[in-house]
$ cat coords_24.cif   # mmCIF, C-alpha atoms (C1' of nucleotides)
data_work
#
loop_
_atom_site.label_atom_id
_atom_site.label_comp_id
_atom_site.auth_asym_id
_atom_site.auth_seq_id
_atom_site.Cartn_x
_atom_site.Cartn_y
_atom_site.Cartn_z
CA MET A 443 -74.05 -27.22 -24.93
CA PRO A 444 -74.44 -30.49 -26.81
CA ARG A 445 -78.21 -30.87 -26.47
CA ILE A 446 -77.95 -33.30 -29.31
CA GLY A 447 -74.91 -35.04 -30.67
CA MET A 448 -72.47 -32.72 -32.31
CA GLU A 449 -70.97 -35.55 -34.26
CA PRO A 450 -73.14 -35.46 -37.41
CA MET A 451 -72.80 -31.72 -37.71
CA ARG A 452 -69.07 -31.78 -37.22
CA ARG A 453 -68.58 -34.59 -39.68
CA LYS A 454 -70.55 -32.78 -42.32
CA ALA A 455 -68.78 -29.49 -41.69
CA LEU A 456 -65.41 -31.20 -41.93
CA ILE A 457 -66.30 -33.01 -45.13
CA ASP A 458 -67.62 -29.82 -46.70
CA ALA A 459 -64.48 -28.02 -45.62
CA ALA A 460 -62.38 -30.78 -47.10
CA ILE A 461 -64.10 -30.48 -50.48
CA LEU A 462 -63.62 -26.74 -50.42
CA ALA A 463 -59.97 -26.93 -49.43
CA ILE A 464 -59.14 -29.72 -51.87
CA GLY A 465 -61.01 -27.97 -54.64
CA GLU A 466 -59.21 -24.71 -54.11
CA ARG A 467 -55.81 -26.25 -53.83
CA GLY A 468 -56.52 -28.78 -56.53
CA SER A 469 -54.84 -31.55 -54.64
CA LEU A 470 -55.20 -33.79 -51.63
CA ASP A 471 -52.16 -32.48 -49.84
CA VAL A 472 -54.13 -30.01 -47.82
CA THR A 473 -53.31 -30.17 -44.14
CA MET A 474 -55.68 -31.42 -41.52
CA SER A 475 -55.25 -28.09 -39.78
CA GLU A 476 -56.40 -26.23 -42.87
CA ILE A 477 -59.50 -28.37 -43.21
CA ALA A 478 -60.27 -28.09 -39.52
CA ARG A 479 -59.73 -24.34 -39.58
CA ARG A 480 -62.29 -23.97 -42.35
CA ALA A 481 -64.73 -26.07 -40.38
CA GLY A 482 -64.14 -23.87 -37.37
CA VAL A 483 -62.64 -26.53 -35.15
CA SER A 484 -59.23 -27.74 -34.10
CA SER A 485 -57.25 -30.30 -36.03
CA ALA A 486 -57.40 -32.56 -33.02
CA LEU A 487 -61.15 -32.71 -33.29
CA ALA A 488 -60.94 -33.74 -36.91
CA HIS A 489 -58.73 -36.61 -35.87
CA HIS A 490 -61.11 -37.42 -33.04
CA TYR A 491 -64.02 -37.91 -35.42
CA PHE A 492 -62.30 -39.37 -38.43
CA GLY A 493 -59.15 -41.02 -37.17
CA ALA A 494 -56.43 -40.63 -39.77
CA LYS A 495 -56.38 -38.11 -42.57
CA GLU A 496 -56.87 -40.91 -45.07
CA ASP A 497 -60.15 -41.76 -43.37
CA LEU A 498 -61.44 -38.23 -43.69
CA LEU A 499 -60.50 -38.20 -47.35
CA GLN A 500 -62.28 -41.48 -47.97
CA ALA A 501 -65.35 -40.22 -46.18
CA THR A 502 -65.22 -37.15 -48.40
CA MET A 503 -65.11 -39.32 -51.48
CA ARG A 504 -68.02 -41.39 -50.28
CA HIS A 505 -69.94 -38.20 -49.68
CA LEU A 506 -69.38 -37.06 -53.25
CA LEU A 507 -70.36 -40.48 -54.54
CA ARG A 508 -73.57 -40.47 -52.53
CA GLU A 509 -74.45 -36.99 -53.75
CA LEU A 510 -73.91 -38.08 -57.34
CA GLY A 511 -75.91 -41.24 -56.82
CA ARG A 512 -78.84 -39.35 -55.40
CA GLU A 513 -78.91 -36.94 -58.31
CA VAL A 514 -78.78 -39.74 -60.83
CA SER A 515 -81.59 -41.66 -59.16
CA ALA A 516 -83.77 -38.59 -59.09
CA ALA A 517 -83.11 -37.83 -62.74
CA LEU A 518 -83.80 -41.39 -63.82
CA GLN A 519 -87.26 -41.30 -62.29
CA ASN A 520 -88.30 -38.46 -64.54
CA SER A 521 -87.08 -40.25 -67.64
CA ALA A 522 -89.49 -42.38 -69.58
CA THR A 523 -87.75 -43.56 -72.74
CA PRO A 524 -84.38 -45.32 -72.87
CA ARG A 525 -82.97 -42.45 -74.84
CA GLU A 526 -84.10 -40.00 -72.17
CA ARG A 527 -82.49 -42.13 -69.50
CA VAL A 528 -79.13 -42.06 -71.22
CA ALA A 529 -79.37 -38.32 -71.76
CA ALA A 530 -80.30 -37.83 -68.12
CA VAL A 531 -77.28 -39.76 -66.88
CA ILE A 532 -75.05 -37.67 -69.09
CA ALA A 533 -76.63 -34.39 -68.02
CA ILE A 534 -76.29 -35.13 -64.31
CA ASN A 535 -72.52 -35.30 -64.63
CA PHE A 536 -72.60 -31.67 -65.71
CA SER A 537 -75.25 -30.47 -63.30
CA ASP A 538 -74.70 -27.37 -61.20
CA VAL A 539 -73.80 -29.48 -58.21
CA GLN A 540 -71.52 -31.99 -59.91
CA PHE A 541 -69.74 -29.65 -62.28
CA ARG A 542 -68.76 -27.08 -59.67
CA PRO A 543 -65.08 -26.28 -60.03
CA GLU A 544 -64.30 -27.43 -56.49
CA THR A 545 -66.10 -30.71 -57.01
CA VAL A 546 -64.41 -31.33 -60.30
CA ALA A 547 -61.00 -30.51 -58.90
CA ALA A 548 -61.65 -32.80 -55.95
CA TRP A 549 -62.57 -35.68 -58.25
CA LEU A 550 -59.43 -35.20 -60.27
CA ALA A 551 -57.33 -35.17 -57.12
CA PHE A 552 -59.02 -38.36 -55.98
CA TYR A 553 -58.26 -40.03 -59.29
CA VAL A 554 -54.59 -39.35 -58.75
CA ALA A 555 -54.60 -40.37 -55.11
CA ALA A 556 -56.39 -43.60 -55.96
CA GLN A 557 -53.19 -44.95 -57.42
CA ARG A 558 -51.71 -45.21 -53.97
CA SER A 559 -54.79 -46.03 -51.93
CA ARG A 560 -56.56 -49.32 -52.43
CA PRO A 561 -59.76 -48.18 -50.70
CA MET A 562 -59.93 -45.10 -52.91
CA ARG A 563 -59.37 -47.22 -55.98
CA ARG A 564 -62.22 -49.38 -54.86
CA LEU A 565 -64.49 -46.37 -54.50
CA LEU A 566 -63.62 -45.11 -57.95
CA ARG A 567 -64.36 -48.51 -59.36
CA VAL A 568 -67.76 -48.36 -57.75
CA TYR A 569 -68.33 -45.04 -59.47
CA ALA A 570 -67.17 -46.33 -62.84
CA ARG A 571 -69.29 -49.45 -62.62
CA ARG A 572 -72.31 -47.46 -61.61
CA LEU A 573 -71.91 -44.99 -64.44
CA HIS A 574 -71.46 -47.83 -66.88
CA SER A 575 -74.49 -49.71 -65.71
CA ASN A 576 -76.62 -46.58 -65.66
CA LEU A 577 -75.66 -45.84 -69.23
CA MET A 578 -76.20 -49.45 -70.27
CA SER A 579 -79.68 -49.60 -68.83
CA GLY A 580 -80.77 -47.26 -71.59
CA LEU A 581 -78.30 -48.16 -74.31
CA ARG A 582 -79.06 -51.85 -74.18
CA GLN A 583 -82.48 -51.18 -75.62
CA LEU A 584 -81.19 -48.91 -78.34
CA LEU A 585 -78.15 -50.69 -79.70
CA PRO A 586 -76.82 -54.19 -80.22
CA ALA A 587 -74.99 -55.41 -77.14
CA SER A 588 -71.41 -54.91 -78.26
CA GLU A 589 -72.11 -51.46 -79.67
CA ALA A 590 -73.90 -50.49 -76.50
CA VAL A 591 -70.85 -51.35 -74.43
CA ARG A 592 -68.61 -49.46 -76.78
CA THR A 593 -70.84 -46.41 -76.70
CA ALA A 594 -70.95 -46.45 -72.93
CA GLU A 595 -67.16 -46.49 -72.88
CA GLY A 596 -66.98 -43.62 -75.29
CA ILE A 597 -69.43 -41.54 -73.32
CA ALA A 598 -67.64 -42.25 -70.06
CA ALA A 599 -64.27 -41.34 -71.54
CA MET A 600 -65.66 -38.11 -72.92
CA ILE A 601 -67.15 -37.15 -69.60
CA ASP A 602 -63.86 -37.75 -67.80
CA GLY A 603 -62.00 -35.79 -70.41
CA LEU A 604 -64.34 -32.84 -70.10
CA TYR A 605 -63.84 -32.95 -66.35
CA ILE A 606 -60.10 -32.56 -66.81
CA ARG A 607 -60.60 -29.56 -69.03
CA ARG A 608 -62.92 -28.06 -66.52
CA ALA A 609 -60.40 -28.58 -63.74
CA LEU A 610 -57.77 -26.74 -65.71
CA LYS A 611 -60.16 -23.85 -66.19
CA GLU A 612 -58.57 -22.99 -69.52
CA GLY A 613 -60.62 -23.98 -72.52
CA ALA A 614 -63.17 -24.62 -69.78
CA PRO A 615 -66.33 -25.86 -71.43
CA ASP A 616 -69.51 -24.55 -69.90
CA PRO A 617 -71.93 -27.23 -68.81
CA ALA A 618 -74.29 -26.67 -71.72
CA SER A 619 -71.72 -27.15 -74.46
CA ALA A 620 -70.19 -30.07 -72.61
CA ILE A 621 -73.54 -31.81 -72.55
CA ALA A 622 -74.08 -30.94 -76.19
CA LEU A 623 -70.75 -32.50 -77.14
CA VAL A 624 -71.54 -35.80 -75.44
CA ASP A 625 -75.14 -35.78 -76.61
CA ASP A 626 -73.93 -35.26 -80.13
CA TYR A 627 -71.79 -38.37 -79.81
CA LEU A 628 -74.75 -40.30 -78.53
CA THR A 629 -76.98 -39.10 -81.33
CA MET A 630 -74.51 -40.15 -83.96
CA LYS A 631 -74.11 -43.55 -82.36
CA LEU A 632 -77.85 -44.07 -82.40
CA THR A 633 -78.45 -42.90 -85.96
CA ALA A 634 -75.49 -44.89 -87.22
CA GLY A 635 -77.40 -47.87 -85.94
CA GLY A 636 -74.46 -49.87 -84.69
CA HIS A 637 -73.09 -51.14 -87.95
CA THR A 638 -69.59 -49.73 -87.79
CA SER A 639 -67.32 -52.18 -89.54
CA MET B 1106 -13.65 -40.72 -66.52
CA PRO B 1107 -15.71 -37.78 -67.73
CA ARG B 1108 -14.12 -37.14 -71.10
CA ILE B 1109 -16.99 -34.80 -71.77
CA GLY B 1110 -19.21 -32.86 -69.43
CA MET B 1111 -21.27 -34.97 -67.10
CA GLU B 1112 -24.09 -32.49 -67.04
CA PRO B 1113 -26.16 -33.67 -70.02
CA MET B 1114 -25.94 -37.29 -68.91
CA ARG B 1115 -26.89 -36.49 -65.37
CA ARG B 1116 -29.78 -34.32 -66.40
CA LYS B 1117 -31.17 -37.00 -68.64
CA ALA B 1118 -30.72 -39.70 -66.04
CA LEU B 1119 -32.44 -37.57 -63.44
CA ILE B 1120 -35.36 -36.74 -65.72
CA ASP B 1121 -35.79 -40.38 -66.68
CA ALA B 1122 -35.65 -41.35 -63.04
CA ALA B 1123 -38.24 -38.69 -62.25
CA ILE B 1124 -40.65 -40.07 -64.85
CA LEU B 1125 -40.18 -43.56 -63.51
CA ALA B 1126 -40.65 -42.53 -59.90
CA ILE B 1127 -43.63 -40.29 -60.59
CA GLY B 1128 -45.20 -42.92 -62.79
CA GLU B 1129 -44.86 -45.64 -60.19
CA ARG B 1130 -46.11 -43.55 -57.35
CA GLY B 1131 -48.74 -41.87 -59.48
CA SER B 1132 -48.05 -38.48 -57.98
CA LEU B 1133 -45.50 -35.71 -57.86
CA ASP B 1134 -44.78 -36.07 -54.18
CA VAL B 1135 -41.80 -38.28 -54.76
CA THR B 1136 -38.75 -37.17 -52.85
CA MET B 1137 -35.67 -35.73 -54.45
CA SER B 1138 -33.69 -38.44 -52.72
CA GLU B 1139 -35.81 -41.12 -54.34
CA ILE B 1140 -35.32 -39.64 -57.78
CA ALA B 1141 -31.62 -39.18 -57.22
CA ARG B 1142 -31.26 -42.70 -55.89
CA ARG B 1143 -32.82 -44.11 -59.05
CA ALA B 1144 -30.45 -42.03 -61.12
CA GLY B 1145 -27.55 -43.35 -59.08
CA VAL B 1146 -26.49 -40.03 -57.60
CA SER B 1147 -26.97 -38.10 -54.40
CA SER B 1148 -29.86 -35.77 -53.83
CA ALA B 1149 -27.43 -32.88 -53.49
CA LEU B 1150 -26.34 -33.42 -57.06
CA ALA B 1151 -29.91 -33.26 -58.28
CA HIS B 1152 -30.21 -29.89 -56.63
CA HIS B 1153 -26.87 -28.86 -58.08
CA TYR B 1154 -28.05 -29.42 -61.64
CA PHE B 1155 -31.69 -28.44 -61.38
CA GLY B 1156 -31.94 -26.02 -58.50
CA ALA B 1157 -35.25 -26.54 -56.80
CA LYS B 1158 -37.44 -29.60 -57.05
CA GLU B 1159 -40.03 -27.60 -58.97
CA ASP B 1160 -37.41 -26.93 -61.64
CA LEU B 1161 -36.68 -30.61 -62.06
CA LEU B 1162 -40.37 -31.33 -62.38
CA GLN B 1163 -40.83 -28.64 -64.99
CA ALA B 1164 -37.86 -29.93 -66.92
CA THR B 1165 -39.43 -33.37 -66.78
CA MET B 1166 -42.66 -32.02 -68.21
CA ARG B 1167 -40.83 -30.23 -70.97
CA HIS B 1168 -39.04 -33.46 -71.77
CA LEU B 1169 -42.32 -35.32 -72.13
CA LEU B 1170 -43.70 -32.51 -74.28
CA ARG B 1171 -40.68 -32.58 -76.56
CA GLU B 1172 -40.89 -36.33 -76.92
CA LEU B 1173 -44.54 -36.09 -77.86
CA GLY B 1174 -43.87 -33.25 -80.27
CA ARG B 1175 -41.15 -35.21 -82.02
CA GLU B 1176 -43.39 -38.23 -82.45
CA VAL B 1177 -46.21 -36.15 -83.84
CA SER B 1178 -43.96 -34.36 -86.31
CA ALA B 1179 -42.57 -37.63 -87.56
CA ALA B 1180 -46.01 -39.13 -87.96
CA LEU B 1181 -47.35 -36.12 -89.79
CA GLN B 1182 -44.65 -36.38 -92.42
CA ASN B 1183 -45.82 -39.83 -93.43
CA SER B 1184 -49.40 -38.67 -93.77
CA ALA B 1185 -50.65 -37.49 -97.13
CA THR B 1186 -54.36 -36.82 -96.85
CA PRO B 1187 -56.04 -34.64 -94.23
CA ARG B 1188 -57.88 -37.62 -92.90
CA GLU B 1189 -54.61 -39.50 -92.47
CA ARG B 1190 -53.15 -36.56 -90.63
CA VAL B 1191 -55.95 -36.50 -88.10
CA ALA B 1192 -55.74 -40.23 -87.62
CA ALA B 1193 -51.98 -39.98 -87.14
CA VAL B 1194 -52.30 -37.34 -84.43
CA ILE B 1195 -54.81 -39.52 -82.63
CA ALA B 1196 -52.70 -42.63 -82.95
CA ILE B 1197 -49.57 -41.00 -81.58
CA ASN B 1198 -51.28 -40.28 -78.30
CA PHE B 1199 -51.64 -44.03 -77.85
CA SER B 1200 -48.26 -45.04 -79.19
CA ASP B 1201 -46.04 -47.40 -77.25
CA VAL B 1202 -43.99 -44.50 -75.96
CA GLN B 1203 -46.80 -42.14 -75.01
CA PHE B 1204 -49.24 -44.67 -73.64
CA ARG B 1205 -46.78 -46.31 -71.27
CA PRO B 1206 -48.36 -46.57 -67.83
CA GLU B 1207 -45.60 -44.47 -66.24
CA THR B 1208 -45.94 -41.75 -68.84
CA VAL B 1209 -49.69 -41.67 -68.52
CA ALA B 1210 -49.52 -41.55 -64.75
CA ALA B 1211 -46.96 -38.78 -64.93
CA TRP B 1212 -49.18 -36.72 -67.22
CA LEU B 1213 -52.11 -37.14 -64.89
CA ALA B 1214 -50.01 -36.07 -61.94
CA PHE B 1215 -48.87 -33.02 -63.86
CA TYR B 1216 -52.45 -32.10 -64.63
CA VAL B 1217 -53.19 -32.03 -60.93
CA ALA B 1218 -50.04 -30.15 -59.99
CA ALA B 1219 -50.69 -27.57 -62.70
CA GLN B 1220 -53.43 -26.10 -60.58
CA ARG B 1221 -50.87 -24.75 -58.15
CA SER B 1222 -47.99 -24.01 -60.48
CA ARG B 1223 -48.34 -21.28 -63.05
CA PRO B 1224 -45.39 -22.50 -65.17
CA MET B 1225 -46.84 -25.98 -65.28
CA ARG B 1226 -50.21 -24.62 -66.26
CA ARG B 1227 -48.51 -22.75 -69.03
CA LEU B 1228 -46.83 -25.91 -70.28
CA LEU B 1229 -50.10 -27.81 -70.30
CA ARG B 1230 -51.70 -25.03 -72.25
CA VAL B 1231 -48.94 -25.34 -74.81
CA TYR B 1232 -49.74 -29.02 -75.08
CA ALA B 1233 -53.47 -28.41 -75.44
CA ARG B 1234 -53.01 -25.73 -78.04
CA ARG B 1235 -50.63 -27.88 -80.01
CA LEU B 1236 -52.93 -30.86 -79.97
CA HIS B 1237 -55.82 -28.66 -81.05
CA SER B 1238 -53.93 -27.07 -83.89
CA ASN B 1239 -52.56 -30.41 -85.05
CA LEU B 1240 -56.05 -31.81 -85.19
CA MET B 1241 -57.39 -28.71 -86.88
CA SER B 1242 -54.81 -28.79 -89.62
CA GLY B 1243 -56.54 -31.87 -90.96
CA LEU B 1244 -60.10 -31.27 -89.83
CA ARG B 1245 -60.30 -27.82 -91.35
CA GLN B 1246 -60.22 -29.38 -94.78
CA LEU B 1247 -62.80 -32.00 -93.97
CA LEU B 1248 -65.48 -30.13 -92.08
CA PRO B 1249 -67.03 -26.68 -91.88
CA ALA B 1250 -65.12 -24.47 -89.47
CA SER B 1251 -67.40 -24.64 -86.46
CA GLU B 1252 -67.85 -28.39 -86.75
CA ALA B 1253 -64.12 -28.83 -87.09
CA VAL B 1254 -63.51 -27.02 -83.82
CA ARG B 1255 -66.20 -29.05 -82.12
CA THR B 1256 -64.76 -32.29 -83.41
CA ALA B 1257 -61.29 -31.35 -82.27
CA GLU B 1258 -62.67 -30.70 -78.80
CA GLY B 1259 -64.48 -34.00 -78.76
CA ILE B 1260 -61.41 -35.90 -79.83
CA ALA B 1261 -59.23 -34.15 -77.28
CA ALA B 1262 -61.69 -34.82 -74.48
CA MET B 1263 -61.90 -38.47 -75.43
CA ILE B 1264 -58.14 -38.83 -75.46
CA ASP B 1265 -57.82 -37.28 -72.02
CA GLY B 1266 -60.59 -39.50 -70.72
CA LEU B 1267 -58.93 -42.62 -72.04
CA TYR B 1268 -55.71 -41.53 -70.37
CA ILE B 1269 -57.46 -41.39 -67.02
CA ARG B 1270 -58.82 -44.86 -67.50
CA ARG B 1271 -55.40 -46.10 -68.41
CA ALA B 1272 -53.91 -44.52 -65.32
CA LEU B 1273 -56.40 -46.32 -63.12
CA LYS B 1274 -55.51 -49.61 -64.78
CA GLU B 1275 -59.02 -50.90 -64.24
CA GLY B 1276 -61.12 -51.06 -67.37
CA ALA B 1277 -57.76 -50.24 -68.90
CA PRO B 1278 -58.28 -49.95 -72.62
CA ASP B 1279 -55.46 -51.37 -74.70
CA PRO B 1280 -53.98 -48.93 -77.20
CA ALA B 1281 -55.68 -50.55 -80.18
CA SER B 1282 -59.21 -50.32 -78.86
CA ALA B 1283 -58.58 -46.82 -77.54
CA ILE B 1284 -57.55 -45.70 -81.01
CA ALA B 1285 -60.53 -47.51 -82.49
CA LEU B 1286 -62.90 -45.69 -80.14
CA VAL B 1287 -61.60 -42.25 -81.09
CA ASP B 1288 -61.33 -43.14 -84.76
CA ASP B 1289 -64.90 -44.29 -84.69
CA TYR B 1290 -65.92 -40.89 -83.38
CA LEU B 1291 -63.95 -39.22 -86.13
CA THR B 1292 -65.48 -41.41 -88.81
CA MET B 1293 -68.97 -40.61 -87.66
CA LYS B 1294 -68.23 -36.93 -87.59
CA LEU B 1295 -66.94 -37.05 -91.13
CA THR B 1296 -69.76 -39.12 -92.59
CA ALA B 1297 -72.37 -37.03 -90.78
CA GLY B 1298 -71.00 -34.16 -92.80
CA GLY B 1299 -71.26 -31.50 -90.15
CA HIS B 1300 -74.97 -30.81 -90.24
CA THR B 1301 -75.86 -31.56 -86.65
CA SER B 1302 -78.64 -29.20 -85.62
"C1'" DT C 625 -3.19 -26.03 -59.74
"C1'" DT C 626 -7.55 -24.87 -61.14
"C1'" DT C 627 -11.93 -26.47 -62.43
"C1'" DT C 628 -15.53 -29.74 -62.51
"C1'" DC C 629 -18.07 -33.07 -60.17
"C1'" DT C 630 -19.84 -35.22 -56.12
"C1'" DT C 631 -21.38 -36.15 -51.54
"C1'" DG C 632 -22.31 -36.48 -46.28
"C1'" DA C 633 -24.00 -33.89 -42.92
"C1'" DT C 634 -26.96 -30.48 -41.33
"C1'" DT C 635 -30.74 -27.31 -40.92
"C1'" DG C 636 -35.18 -25.39 -40.85
"C1'" DA C 637 -39.72 -26.13 -41.86
"C1'" DT C 638 -43.88 -28.76 -42.19
"C1'" DC C 639 -47.25 -31.88 -40.80
"C1'" DC C 640 -49.55 -36.00 -38.85
"C1'" DG C 641 -51.23 -38.12 -34.99
"C1'" DT C 642 -51.49 -38.42 -29.84
"C1'" DC C 643 -52.26 -37.13 -25.12
"C1'" DA C 644 -53.48 -34.93 -20.99
"C1'" DA C 645 -56.48 -31.61 -19.49
"C1'" DT C 646 -60.69 -28.58 -19.56
"C1'" DC C 647 -65.54 -27.53 -19.65
"C1'" DA C 648 -70.32 -27.93 -19.73
"C1'" DA C 649 -74.35 -30.69 -20.10
"C1'" DA C 650 -76.77 -34.74 -18.53
"C1'" DA C 651 -77.66 -38.46 -15.59
"C1'" DA C 652 -77.69 -40.43 -11.28
"C1'" DT C 653 -78.04 -40.04 -6.50
"C1'" DA C 654 -79.22 -38.26 -2.11
"C1'" DT D 895 -84.24 -29.84 -5.21
"C1'" DA D 896 -79.35 -30.00 -4.44
"C1'" DT D 897 -75.18 -32.63 -5.04
"C1'" DT D 898 -72.26 -35.77 -7.16
"C1'" DT D 899 -70.80 -38.49 -11.03
"C1'" DT D 900 -70.33 -39.48 -15.70
"C1'" DT D 901 -69.71 -38.49 -20.39
"C1'" DG D 902 -69.22 -36.13 -24.76
"C1'" DA D 903 -66.86 -32.30 -26.91
"C1'" DT D 904 -62.90 -29.80 -27.52
"C1'" DT D 905 -58.30 -28.01 -27.52
"C1'" DG D 906 -53.15 -26.68 -26.97
"C1'" DA D 907 -49.02 -28.58 -26.98
"C1'" DC D 908 -45.78 -31.79 -28.46
"C1'" DG D 909 -43.14 -35.97 -30.21
"C1'" DG D 910 -41.61 -38.00 -34.19
"C1'" DA D 911 -40.91 -38.33 -38.86
"C1'" DT D 912 -40.12 -36.55 -43.41
"C1'" DC D 913 -38.07 -33.65 -46.76
"C1'" DA D 914 -36.26 -29.74 -49.50
"C1'" DA D 915 -32.40 -27.14 -49.73
"C1'" DT D 916 -27.64 -25.61 -48.30
"C1'" DC D 917 -22.80 -25.89 -47.42
"C1'" DA D 918 -18.26 -27.03 -46.84
"C1'" DA D 919 -15.20 -30.15 -48.14
"C1'" DG D 920 -13.37 -34.18 -50.69
"C1'" DA D 921 -12.26 -36.75 -55.17
"C1'" DA D 922 -11.28 -36.58 -60.00
"C1'" DA D 923 -9.96 -34.54 -64.21
"C1'" DA D 924 -7.80 -30.99 -67.05
#

$ encode --input "coords_24.cif" --output "structure tokens"
Amino acid sequence: MPRIGMEPMRRKALIDAAILAIGERGSLDVTMSEIARRAGVSSALAHHYFGAKEDLLQATMRHLLRELGREVSAALQNSATPRERVAAVIAINFSDVQFRPETVAAWLAFYVAAQRSRPMRRLLRVYARRLHSNLMSGLRQLLPASEAVRTAEGIAAMIDGLYIRRALKEGAPDPASAIALVDDYLTMKLTAGGHTS
Amino acid sequence: MPRIGMEPMRRKALIDAAILAIGERGSLDVTMSEIARRAGVSSALAHHYFGAKEDLLQATMRHLLRELGREVSAALQNSATPRERVAAVIAINFSDVQFRPETVAAWLAFYVAAQRSRPMRRLLRVYARRLHSNLMSGLRQLLPASEAVRTAEGIAAMIDGLYIRRALKEGAPDPASAIALVDDYLTMKLTAGGHTS
DNA sequence: TTTTCTTGATTGATCCGTCAATCAAAAATA
DNA sequence: TATTTTTGATTGACGGATCAATCAAGAAAA
């Protein structure tokens, strides 16, 4: 049957299944069997392709990171002014793909798991650095250096906070109003002109 | 030795031990034995006093909520103006007690676990509602209604986001600069006067 | 003695990771 | 082309470890 390698397909199916399972359960303690079942294969096969469970989870994280990175890159190309670039980076974090409940729940679960897993912590740091530098690339030209850094931190914190609320699905902000909230912060920072005592 | 009932002491010791254990591990999947060991008793005794593990975890959450509530109440009494009240509510979330790494990590873990436990979700909603109404009690008098709500949401999101960053201990903001970041947001909101398009 | 407090031992369930075995396609060989 | 060999894909079953929860019984206090 394997005219071509099954491996890429299986890996993708398993990673997608992992996101789904983690997102639904809202935690990383889904069983390998559950993930494999969703992907339509046996748990043994999941181990065959990924090794330990931790490896599958890390691969899943990397997949999410890549997806996010791609979206950001695409959005940045359509942005001319610095201000547009900052707004684009913000908006991507609430895009249909990124702000899906399963994706958000998976991110939150990864944040928690990162406290015990050095590789996961490393991956999250990559994400944080990338977000920061993406924001700074626009902010640097709009604000004095120290205010730019501060604003990037504020924006990042707000985004993370809105993710938590989304994960809890209670006062769940819809993407549009979430973007508006962060954009509003940005606007104020820019009109204030960076002279906060 | 037990002149008085042991129960209150044991319960408190077990809850404290749970916070410590959860905080260190950064997740709720600490074993009952581990918690009991830290409290200096057997795991059977933990079950004797709390029933199931879930019950101990819920009691631990309620304990954290009560602690936070007490601190907020105390702070609000020393605050005269509406603006001071808002600032006090913000500051409490970054107080020495609340912003301890173990406490922060425990909160984050509870956020994740809440997705599977209805009682925990309920407790978190209590927390969110209380924070919102505490913020609103001051903001209502400083901003038009809709802007007040918006500002409360922004502040809450920022606080949660800063908690995540603290839990990851990476770009870990110290309490002072965390407060400054949120206060800065508040200041801008107030001086902007609530006429954002 | 009766009640409160405490534990060691045990059980039943869950789950990860491994292994031997199967099957079908492809490659090599005759 | 027909036959044999190799290889990738896949699984069921299982060992081993962990853990929540229970229970019966022992110490301590009232």

$ residues_around --input "coords_24.cif" --residues "DC913 of chain D" --least-positions-apart "5" --cutoff "9 Å" --atoms "all atoms listed in the file" --output "list in words"
Thr1136, Met1137 and Ser1138 of chain B; DT638 of chain C

$ interface_residues --input "coords_24.cif" --of "chain C" --to "chain B" --cutoff "12 Å" --atoms "all atoms listed in the file" --output "ChimeraX atom specification"
/C:627-633

$ write_last_selection --input "coords_24.cif" --atoms "C-alpha atoms (C1' of nucleotides)" --output "CSV table (one decimal), in the coordinates of the input"
chain,number,residue,atom,x,y,z
C,627,DT,C1',-11.9,-26.5,-62.4
C,628,DT,C1',-15.5,-29.7,-62.5
C,629,DC,C1',-18.1,-33.1,-60.2
C,630,DT,C1',-19.8,-35.2,-56.1
C,631,DT,C1',-21.4,-36.2,-51.5
C,632,DG,C1',-22.3,-36.5,-46.3
C,633,DA,C1',-24.0,-33.9,-42.9

$ resolve_selection --input "coords_24.cif" --expression "the PyMOL selection byres ((chain D) within 10 of (chain B))" --output "count of residues only"
8

$ resolve_selection --input "coords_24.cif" --expression "the PyMOL selection byres ((chain A and resi 536) around 9)" --output "list of chain:residue names"
A:Ile532, A:Ala533, A:Ile534, A:Asn535, A:Ser537, A:Asp538, A:Val539, A:Gln540, A:Phe541, A:Arg542, A:Ile601, A:Tyr605, A:Asp616, A:Pro617, A:Ala618, A:Ala620, A:Ile621

$ resolve_selection --input "coords_24.cif" --expression "the PyMOL selection byres ((chain C and resi 642-646) around 10)" --output "PyMOL selection string"
(chain A and resi 486+489) or (chain C and resi 640-641+647-648) or (chain D and resi 904-909)

$ write_last_selection --input "coords_24.cif" --atoms "C-alpha atoms (C1' of nucleotides)" --output "PDB file, in the frame of the given file"
ATOM      1  CA  ALA A 486     -57.400 -32.560 -33.020  1.00  0.00           C
ATOM      2  CA  HIS A 489     -58.730 -36.610 -35.870  1.00  0.00           C
TER       3      HIS A 489
ATOM      4  C1'  DC C 640     -49.550 -36.000 -38.850  1.00  0.00           C
ATOM      5  C1'  DG C 641     -51.230 -38.120 -34.990  1.00  0.00           C
ATOM      6  C1'  DC C 647     -65.540 -27.530 -19.650  1.00  0.00           C
ATOM      7  C1'  DA C 648     -70.320 -27.930 -19.730  1.00  0.00           C
TER       8       DA C 648
ATOM      9  C1'  DT D 904     -62.900 -29.800 -27.520  1.00  0.00           C
ATOM     10  C1'  DT D 905     -58.300 -28.010 -27.520  1.00  0.00           C
ATOM     11  C1'  DG D 906     -53.150 -26.680 -26.970  1.00  0.00           C
ATOM     12  C1'  DA D 907     -49.020 -28.580 -26.980  1.00  0.00           C
ATOM     13  C1'  DC D 908     -45.780 -31.790 -28.460  1.00  0.00           C
ATOM     14  C1'  DG D 909     -43.140 -35.970 -30.210  1.00  0.00           C
TER      15       DG D 909
END

$ residues_around --input "coords_24.cif" --residues "DA654 of chain C" --least-positions-apart "2" --cutoff "9 Å" --atoms "all atoms listed in the file" --output "list in words"
DA896, DT897 and DT898 of chain D
